[in-house]
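Okay, so here's the structure we're looking at.
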Amino acid sequence: MTLRLPQLVSEGTTELAPLAAAAGAHRESLERLMRHLVHIGLFTEVDGSYGLTALSRQLLSEDGAWLRGWLDLDGPGTRMDLAFTGMLHAIRTGSSAYGAVHGTPFWDDYQRNDDLRRFFGDIMTAHAWQTGPVLAAEHDWADVRTVIDVGGGQGALLAEIVRANPHLDGEVLDLPAVEPEARQALAAAGVAGQVSFVPGSFFDPLPTGRDVYVVSRVLTDWNDEDAVRILRRCAEAAGDGSRVLIVEVLAGVDHAKYNTSFDLQSLVLLGGQERGVADFEALVDKAGLDLVESRTWPGGLVVVEGRPRR
Ligand SMILES: C[S@@+](CC[C@H](N)C(=O)[O-])C[C@H]1O[C@@H](n2cnc3c(N)ncnc32)[C@H](O)[C@@H]1O
């Protein structure tokens, strides 16, 4: 996607010489690349003129936007994928390879590199627009007044919850670097008056006494020790009647066992790991929370609910 070949062909640049000039490519090498891309079905070639296929049309569609971003060799998706070149380090040490490859651990790079952070945040937001409505509808929010989304990113999940439950006061807690895009997203979702942004780290003490502490799709980014530290911060901040909701999207009971590529991605990128429901329940216990219940809802959404042990 970096050479924009599907775009150029779709705009009418269909012959080799003009395509090489427009893409800034070495003509003979581009010809070899195009021969391969025709071979794998990304383009057609008839009498020296290239055309699109169903596959390249899909890449150019609106739905293909995130994949175009991911496949851009100059973009943040490739920067993340390059962590896989440090797989050996990750397997030998059990920790993230991102810092070994790029010289900076992922979350430090993420705070400094606006493109990387927005790219990552936009992917999470796209998922949250799907999971948010289910959580908003299925969980009983009637007796809840205050809810804080810990590591809530741009706030898409919470936006869905408060929109469906106008009686709620919401807060998104995330790293200070996320604040500009979170404020923008909350305003665009029309909930800026109902949800405020709290800059901070979930490894530090959290705002106390909120009715619900949501921890959505955060724990996968961390090893067990750090995941327990995050949940312990929630347990310390929670009041007697408070609840901690771990929200995850899990592909069935054997999720951790079969979600092998995501599991390795969590390891090489972040030093994290995929887990199943029983693993999350064990973390709840270690963090000093009592398990209330674990529920599974449409779309594989799983909520593991805990309350502070007193
Ligand atoms: C995988 S995303 C999940 C986002 C969101 N909760 C969701 O369900 O879409 C992880 C989030 O953790 C945040 N994060 C990472 N380190 C953090 C820290 N130390 N304190 C607070 N948030 C942090 C990131 O900025 C990011 O928004």
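In the structure tokens, chains take letters A, B, ... by order of appearance, with residues numbered from 1 within each chain and ligands from 1 in the order shown.
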
Residues within 9 Å of Met124 in chain A, only C-alpha atoms, excluding chain neighbours under 2 positions, as number ranges by chain: A: 119-122, 126-129, 153-154, 156, 217

Any chance you could export the current selection's C-alpha atoms as a PDB file, in the first residue's frame?
ATOM      1  CA  PHE A 119      -3.520   4.276  14.741  1.00  0.00           C
ATOM      2  CA  PHE A 120      -3.667   1.945  17.776  1.00  0.00           C
ATOM      3  CA  GLY A 121      -6.461   4.000  19.379  1.00  0.00           C
ATOM      4  CA  ASP A 122      -8.548   4.037  16.195  1.00  0.00           C
ATOM      5  CA  ALA A 126     -13.532   0.549  15.931  1.00  0.00           C
ATOM      6  CA  HIS A 127     -13.893  -2.577  18.103  1.00  0.00           C
ATOM      7  CA  ALA A 128     -15.482  -0.679  20.973  1.00  0.00           C
ATOM      8  CA  TRP A 129     -18.301   0.600  18.759  1.00  0.00           C
ATOM      9  CA  GLY A 153      -8.570   4.967  25.404  1.00  0.00           C
ATOM     10  CA  GLN A 154     -10.610   7.376  23.283  1.00  0.00           C
ATOM     11  CA  ALA A 156     -15.781   4.779  22.619  1.00  0.00           C
ATOM     12  CA  ARG A 217      -9.337  -5.198  26.845  1.00  0.00           C
TER      13      ARG A 217
END

Please identify the residues whose atoms come within 8 Å of ligand 1, using only C-alpha atoms and all ligand atoms, and report them as an MDAnalysis selection string. chainID A and resid 107 110 117 120:121 124:125 127:128 149:157 173:175 177:178 199:203 215:218 220:221 247:248

From a DSSP pass on the backbone, collect the residues of range 119-304 of chain A flagged as strand (DSSP E or B) and hand them back as a compact mmCIF listing (two decimals) with N, CA and C atoms, in the first residue's frame.
# COMPACT_ATOMS: atom_id res chain seq x y z
N THR A 146 -21.92 6.31 39.05
CA THR A 146 -20.62 6.75 38.53
C THR A 146 -19.84 5.56 37.98
N VAL A 147 -19.26 5.76 36.79
CA VAL A 147 -18.50 4.68 36.16
C VAL A 147 -17.20 5.25 35.60
N ILE A 148 -16.09 4.57 35.89
CA ILE A 148 -14.80 5.01 35.36
C ILE A 148 -14.23 3.89 34.50
N ASP A 149 -13.82 4.25 33.29
CA ASP A 149 -13.25 3.28 32.36
C ASP A 149 -11.73 3.40 32.44
N VAL A 150 -11.11 2.41 33.07
CA VAL A 150 -9.68 2.45 33.40
C VAL A 150 -8.87 1.95 32.20
N ASP A 169 -22.76 9.17 35.27
CA ASP A 169 -21.63 10.10 35.17
C ASP A 169 -20.41 9.28 34.82
N GLY A 170 -19.75 9.58 33.71
CA GLY A 170 -18.64 8.75 33.26
C GLY A 170 -17.30 9.46 33.30
N GLU A 171 -16.23 8.66 33.49
CA GLU A 171 -14.85 9.17 33.39
C GLU A 171 -14.03 8.15 32.61
N VAL A 172 -13.16 8.68 31.74
CA VAL A 172 -12.19 7.83 31.06
C VAL A 172 -10.84 8.15 31.65
N LEU A 173 -10.17 7.14 32.23
CA LEU A 173 -8.81 7.35 32.73
C LEU A 173 -7.83 6.71 31.74
N ASP A 174 -6.90 7.51 31.25
CA ASP A 174 -5.87 6.97 30.36
C ASP A 174 -4.66 7.87 30.44
N VAL A 195 -19.11 12.64 30.04
CA VAL A 195 -17.89 11.87 30.30
C VAL A 195 -16.70 12.81 30.36
N SER A 196 -15.93 12.76 31.44
CA SER A 196 -14.72 13.59 31.50
C SER A 196 -13.48 12.70 31.37
N PHE A 197 -12.37 13.32 30.97
CA PHE A 197 -11.12 12.58 30.80
C PHE A 197 -10.25 12.80 32.03
N VAL A 198 -9.73 11.72 32.60
CA VAL A 198 -8.84 11.80 33.77
C VAL A 198 -7.45 11.34 33.33
N PRO A 199 -6.47 12.26 33.20
CA PRO A 199 -5.14 11.82 32.80
C PRO A 199 -4.45 11.11 33.95
N VAL A 212 -18.65 1.78 39.52
CA VAL A 212 -18.14 0.73 38.63
C VAL A 212 -16.78 1.13 38.07
N TYR A 213 -15.83 0.19 38.14
CA TYR A 213 -14.51 0.34 37.49
C TYR A 213 -14.47 -0.64 36.32
N VAL A 214 -14.49 -0.11 35.10
CA VAL A 214 -14.42 -0.96 33.91
C VAL A 214 -12.95 -1.11 33.50
N VAL A 215 -12.52 -2.34 33.23
CA VAL A 215 -11.16 -2.58 32.71
C VAL A 215 -11.35 -3.38 31.43
N SER A 216 -11.42 -2.66 30.30
CA SER A 216 -11.79 -3.31 29.04
C SER A 216 -10.59 -3.54 28.15
N ARG A 243 -18.19 -2.19 42.01
CA ARG A 243 -17.91 -3.40 41.23
C ARG A 243 -16.76 -3.11 40.26
N VAL A 244 -15.95 -4.15 40.01
CA VAL A 244 -14.91 -4.07 38.97
C VAL A 244 -15.35 -5.00 37.84
N LEU A 245 -15.47 -4.46 36.62
CA LEU A 245 -15.89 -5.26 35.48
C LEU A 245 -14.72 -5.43 34.51
N ILE A 246 -14.22 -6.66 34.40
CA ILE A 246 -13.21 -6.95 33.37
C ILE A 246 -13.98 -7.31 32.10
N VAL A 247 -13.74 -6.53 31.04
CA VAL A 247 -14.46 -6.73 29.78
C VAL A 247 -13.48 -7.24 28.74
N GLU A 248 -13.80 -8.36 28.12
CA GLU A 248 -12.93 -8.93 27.08
C GLU A 248 -13.79 -9.50 25.97
N VAL A 249 -13.21 -9.67 24.79
CA VAL A 249 -13.90 -10.40 23.73
C VAL A 249 -13.14 -11.70 23.54
N LEU A 289 -9.94 -9.27 45.01
CA LEU A 289 -11.35 -9.07 44.69
C LEU A 289 -12.08 -10.40 44.85
N ASP A 290 -13.35 -10.36 45.26
CA ASP A 290 -14.16 -11.57 45.26
C ASP A 290 -14.91 -11.64 43.94
N LEU A 291 -14.93 -12.83 43.35
CA LEU A 291 -15.65 -13.00 42.08
C LEU A 291 -17.15 -12.92 42.33
N VAL A 292 -17.85 -12.06 41.60
CA VAL A 292 -19.32 -12.03 41.69
C VAL A 292 -19.87 -13.02 40.68
N GLU A 293 -19.54 -12.83 39.39
CA GLU A 293 -19.89 -13.82 38.36
C GLU A 293 -19.20 -13.49 37.06
N SER A 294 -19.14 -14.48 36.16
CA SER A 294 -18.63 -14.28 34.80
C SER A 294 -19.77 -14.55 33.84
N ARG A 295 -19.97 -13.64 32.90
CA ARG A 295 -21.07 -13.80 31.94
C ARG A 295 -20.55 -13.67 30.52
N THR A 296 -21.18 -14.37 29.58
CA THR A 296 -20.83 -14.28 28.15
C THR A 296 -22.05 -13.77 27.39
N TRP A 297 -21.81 -12.76 26.55
CA TRP A 297 -22.89 -12.13 25.79
C TRP A 297 -22.62 -12.21 24.30
N LEU A 301 -18.52 -11.36 23.86
CA LEU A 301 -18.19 -10.43 24.94
C LEU A 301 -18.30 -11.15 26.29
N VAL A 302 -17.23 -11.06 27.06
CA VAL A 302 -17.22 -11.72 28.37
C VAL A 302 -16.99 -10.66 29.44
N VAL A 303 -17.79 -10.71 30.50
CA VAL A 303 -17.59 -9.79 31.62
C VAL A 303 -17.34 -10.60 32.88
N VAL A 304 -16.18 -10.38 33.48
CA VAL A 304 -15.84 -11.02 34.76
C VAL A 304 -16.00 -9.93 35.82

Could you pull out all residues of range 37-97 of chain A with a DSSP call of alpha helix (DSSP H) and give them as a short mmCIF file (atom, residue, chain, number, x, y, z; two decimals) with N, CA and C atoms, in the first residue's frame?
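For reference, out18.cif as written:
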data_model
loop_
_atom_site.label_atom_id
_atom_site.label_comp_id
_atom_site.auth_asym_id
_atom_site.auth_seq_id
_atom_site.Cartn_x
_atom_site.Cartn_y
_atom_site.Cartn_z
N LEU A 37 2.19 -9.80 -8.22
CA LEU A 37 0.88 -9.38 -7.72
C LEU A 37 -0.26 -9.86 -8.63
N VAL A 38 0.02 -9.99 -9.93
CA VAL A 38 -0.95 -10.59 -10.86
C VAL A 38 -1.08 -12.08 -10.51
N HIS A 39 0.05 -12.71 -10.26
CA HIS A 39 0.07 -14.14 -9.95
C HIS A 39 -0.77 -14.45 -8.70
N ALA A 54 -11.21 -8.37 -7.53
CA ALA A 54 -12.10 -8.22 -6.36
C ALA A 54 -11.26 -7.90 -5.12
N LEU A 55 -10.07 -8.52 -5.03
CA LEU A 55 -9.21 -8.34 -3.85
C LEU A 55 -8.70 -6.89 -3.75
N SER A 56 -8.20 -6.36 -4.87
CA SER A 56 -7.67 -4.98 -4.79
C SER A 56 -8.82 -3.98 -4.62
N ARG A 57 -10.00 -4.31 -5.18
CA ARG A 57 -11.15 -3.41 -4.96
C ARG A 57 -11.54 -3.38 -3.49
N GLN A 58 -11.45 -4.56 -2.86
CA GLN A 58 -11.78 -4.63 -1.43
C GLN A 58 -10.78 -3.78 -0.61
N LEU A 59 -9.51 -3.85 -1.01
CA LEU A 59 -8.48 -3.04 -0.31
C LEU A 59 -8.77 -1.55 -0.43
N LEU A 60 -9.35 -1.16 -1.58
CA LEU A 60 -9.61 0.26 -1.81
C LEU A 60 -10.92 0.73 -1.19
N ALA A 65 -9.97 0.31 4.87
CA ALA A 65 -9.12 1.43 5.31
C ALA A 65 -8.11 1.00 6.37
N TRP A 66 -8.58 0.22 7.37
CA TRP A 66 -7.65 -0.14 8.46
C TRP A 66 -6.56 -1.07 7.94
N LEU A 67 -6.93 -1.95 6.95
CA LEU A 67 -5.94 -2.86 6.39
C LEU A 67 -4.92 -2.07 5.55
N ARG A 68 -5.40 -1.07 4.81
CA ARG A 68 -4.48 -0.21 4.04
C ARG A 68 -3.48 0.43 4.99
N GLY A 69 -3.99 0.91 6.12
CA GLY A 69 -3.12 1.53 7.12
C GLY A 69 -2.10 0.54 7.64
N TRP A 70 -2.59 -0.68 7.91
CA TRP A 70 -1.71 -1.69 8.50
C TRP A 70 -0.62 -2.11 7.51
N LEU A 71 -0.98 -2.15 6.20
CA LEU A 71 -0.03 -2.64 5.18
C LEU A 71 0.91 -1.55 4.67
N PRO A 76 2.49 3.06 11.04
CA PRO A 76 2.62 2.48 12.37
C PRO A 76 2.35 0.98 12.45
N GLY A 77 1.51 0.45 11.54
CA GLY A 77 1.21 -0.98 11.56
C GLY A 77 2.48 -1.79 11.32
N THR A 78 3.27 -1.33 10.34
CA THR A 78 4.52 -2.03 10.05
C THR A 78 5.50 -1.89 11.21
N ARG A 79 5.50 -0.72 11.83
CA ARG A 79 6.37 -0.52 13.00
C ARG A 79 6.03 -1.55 14.09
N MET A 80 4.73 -1.79 14.26
CA MET A 80 4.33 -2.81 15.26
C MET A 80 4.72 -4.21 14.79
N ASP A 81 4.47 -4.50 13.49
CA ASP A 81 4.79 -5.85 12.98
C ASP A 81 6.29 -6.14 13.06
N MET A 87 11.33 -11.84 17.79
CA MET A 87 10.64 -12.99 18.40
C MET A 87 11.58 -13.83 19.27
N LEU A 88 12.82 -14.01 18.79
CA LEU A 88 13.76 -14.84 19.54
C LEU A 88 13.97 -14.25 20.95
N HIS A 89 14.14 -12.92 21.01
CA HIS A 89 14.31 -12.25 22.30
C HIS A 89 13.09 -12.53 23.18
N ALA A 90 11.89 -12.42 22.59
CA ALA A 90 10.66 -12.62 23.37
C ALA A 90 10.57 -14.06 23.89
N ILE A 91 10.92 -15.01 23.05
CA ILE A 91 10.81 -16.41 23.47
C ILE A 91 11.88 -16.73 24.52
N ARG A 92 13.07 -16.12 24.36
CA ARG A 92 14.13 -16.41 25.34
C ARG A 92 13.87 -15.75 26.69
N THR A 93 13.28 -14.54 26.66
CA THR A 93 13.16 -13.78 27.91
C THR A 93 11.75 -13.75 28.48
#

Which distance in Å separates CA of Glu160 in chain A and CA of Gln184 in chain A, to one decimal?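 According to the coordinates, CA of Glu160 in chain A and CA of Gln184 in chain A are separated by 15.4 Å.
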
Which residue of A:Leu168, A:Ala159, A:Ala136, A:Ala25 approaches Ala188 in chain A most closely, using only C-alpha atoms: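 Checking each of A:Leu168, A:Ala159, A:Ala136, A:Ala25 against Ala188 in chain A, counting only C-alpha atoms, the winner is A:Ala159.
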
With only C-alpha atoms as the counted atoms, please give the residues lying no more than 7 Å from range 15-22 of chain A, apart from itself and same-chain residues fewer than 4 positions off, as a list of chain:residue names. A:His26, A:Arg27, A:Leu30, A:Glu31, A:Gly48, A:Ser49, A:Tyr50

Write out, as an mmCIF file, in the first residue's frame, the residues just selected, with N, CA and C atoms.
data_model
loop_
_atom_site.group_PDB
_atom_site.id
_atom_site.type_symbol
_atom_site.label_atom_id
_atom_site.label_comp_id
_atom_site.auth_asym_id
_atom_site.auth_seq_id
_atom_site.Cartn_x
_atom_site.Cartn_y
_atom_site.Cartn_z
ATOM 1 N N HIS A 26 11.563 1.766 -9.498
ATOM 2 C CA HIS A 26 12.482 1.293 -10.531
ATOM 3 C C HIS A 26 11.667 0.408 -11.479
ATOM 4 N N ARG A 27 11.641 0.804 -12.760
ATOM 5 C CA ARG A 27 10.701 0.208 -13.702
ATOM 6 C C ARG A 27 10.785 -1.318 -13.787
ATOM 7 N N LEU A 30 9.653 -2.957 -10.589
ATOM 8 C CA LEU A 30 8.195 -2.871 -10.434
ATOM 9 C C LEU A 30 7.509 -3.895 -11.340
ATOM 10 N N GLU A 31 8.070 -4.098 -12.532
ATOM 11 C CA GLU A 31 7.481 -5.084 -13.450
ATOM 12 C C GLU A 31 7.486 -6.470 -12.797
ATOM 13 N N GLY A 48 -0.436 -5.703 -21.524
ATOM 14 C CA GLY A 48 0.395 -4.662 -20.912
ATOM 15 C C GLY A 48 -0.384 -3.640 -20.098
ATOM 16 N N SER A 49 -1.661 -3.909 -19.867
ATOM 17 C CA SER A 49 -2.454 -2.965 -19.074
ATOM 18 C C SER A 49 -2.949 -3.680 -17.806
ATOM 19 N N TYR A 50 -2.701 -3.065 -16.675
ATOM 20 C CA TYR A 50 -3.097 -3.676 -15.403
ATOM 21 C C TYR A 50 -4.510 -3.247 -15.015
#

With only C-alpha atoms as the counted atoms, please give the residues lying no more than 7 Å from Gly271 in chain A, apart from itself and same-chain residues fewer than 6 positions off, as a PyMOL selection string. chain A and resi 94-96+221-223

Save out the residues we just selected, N, CA and C atoms, as an mmCIF file, in the first residue's frame.
data_model
loop_
_atom_site.group_PDB
_atom_site.id
_atom_site.type_symbol
_atom_site.label_atom_id
_atom_site.label_comp_id
_atom_site.auth_asym_id
_atom_site.auth_seq_id
_atom_site.Cartn_x
_atom_site.Cartn_y
_atom_site.Cartn_z
ATOM 1 N N GLY A 94 10.741 -14.015 27.628
ATOM 2 C CA GLY A 94 9.351 -13.906 28.081
ATOM 3 C C GLY A 94 8.880 -12.467 28.139
ATOM 4 N N SER A 95 9.678 -11.541 27.608
ATOM 5 C CA SER A 95 9.225 -10.136 27.635
ATOM 6 C C SER A 95 9.127 -9.582 26.213
ATOM 7 N N SER A 96 8.528 -8.395 26.105
ATOM 8 C CA SER A 96 8.260 -7.771 24.807
ATOM 9 C C SER A 96 9.540 -7.615 23.979
ATOM 10 N N ASP A 221 -2.691 -6.852 27.460
ATOM 11 C CA ASP A 221 -1.441 -6.141 27.144
ATOM 12 C C ASP A 221 -0.343 -6.390 28.180
ATOM 13 N N TRP A 222 -0.670 -7.103 29.257
ATOM 14 C CA TRP A 222 0.267 -7.188 30.395
ATOM 15 C C TRP A 222 0.462 -8.622 30.853
ATOM 16 N N ASN A 223 1.615 -8.873 31.483
ATOM 17 C CA ASN A 223 1.826 -10.196 32.085
ATOM 18 C C ASN A 223 1.009 -10.282 33.389
#

Tell me, in Å to one decimal, how far CA of Leu158 in chain A is from CA of Glu179 in chain A.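 So the two atoms, CA of Leu158 in chain A and CA of Glu179 in chain A, lie 14.8 Å apart.
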
May I have the residues within 7 Å of range 225-233 of chain A as a PDB file with C-alpha atoms, in the first residue's frame, using only C-alpha atoms and disregarding those fewer than 6 positions away in the same chain?
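around-v3.pdb, freshly written:
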ATOM      1  CA  PHE A 202      -3.529   2.694  36.165  1.00  0.00           C
ATOM      2  CA  PHE A 203      -0.373   1.689  38.057  1.00  0.00           C
ATOM      3  CA  PRO A 205      -3.779   5.168  42.872  1.00  0.00           C
ATOM      4  CA  LEU A 206      -7.104   5.612  41.050  1.00  0.00           C
ATOM      5  CA  LEU A 219      -5.159  -6.965  30.786  1.00  0.00           C
ATOM      6  CA  LEU A 283      -6.311 -12.660  38.474  1.00  0.00           C
ATOM      7  CA  LYS A 286      -5.003 -12.529  43.337  1.00  0.00           C
ATOM      8  CA  ALA A 287      -5.857  -8.825  43.201  1.00  0.00           C
ATOM      9  CA  GLY A 288      -7.958  -9.064  46.378  1.00  0.00           C
TER      10      GLY A 288
END

Would you work out the distance separating CA of Asp240 in chain A from CA of Arg210 in chain A, expressed in Å to one decimal?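 Those two atoms sit 10.1 Å apart.
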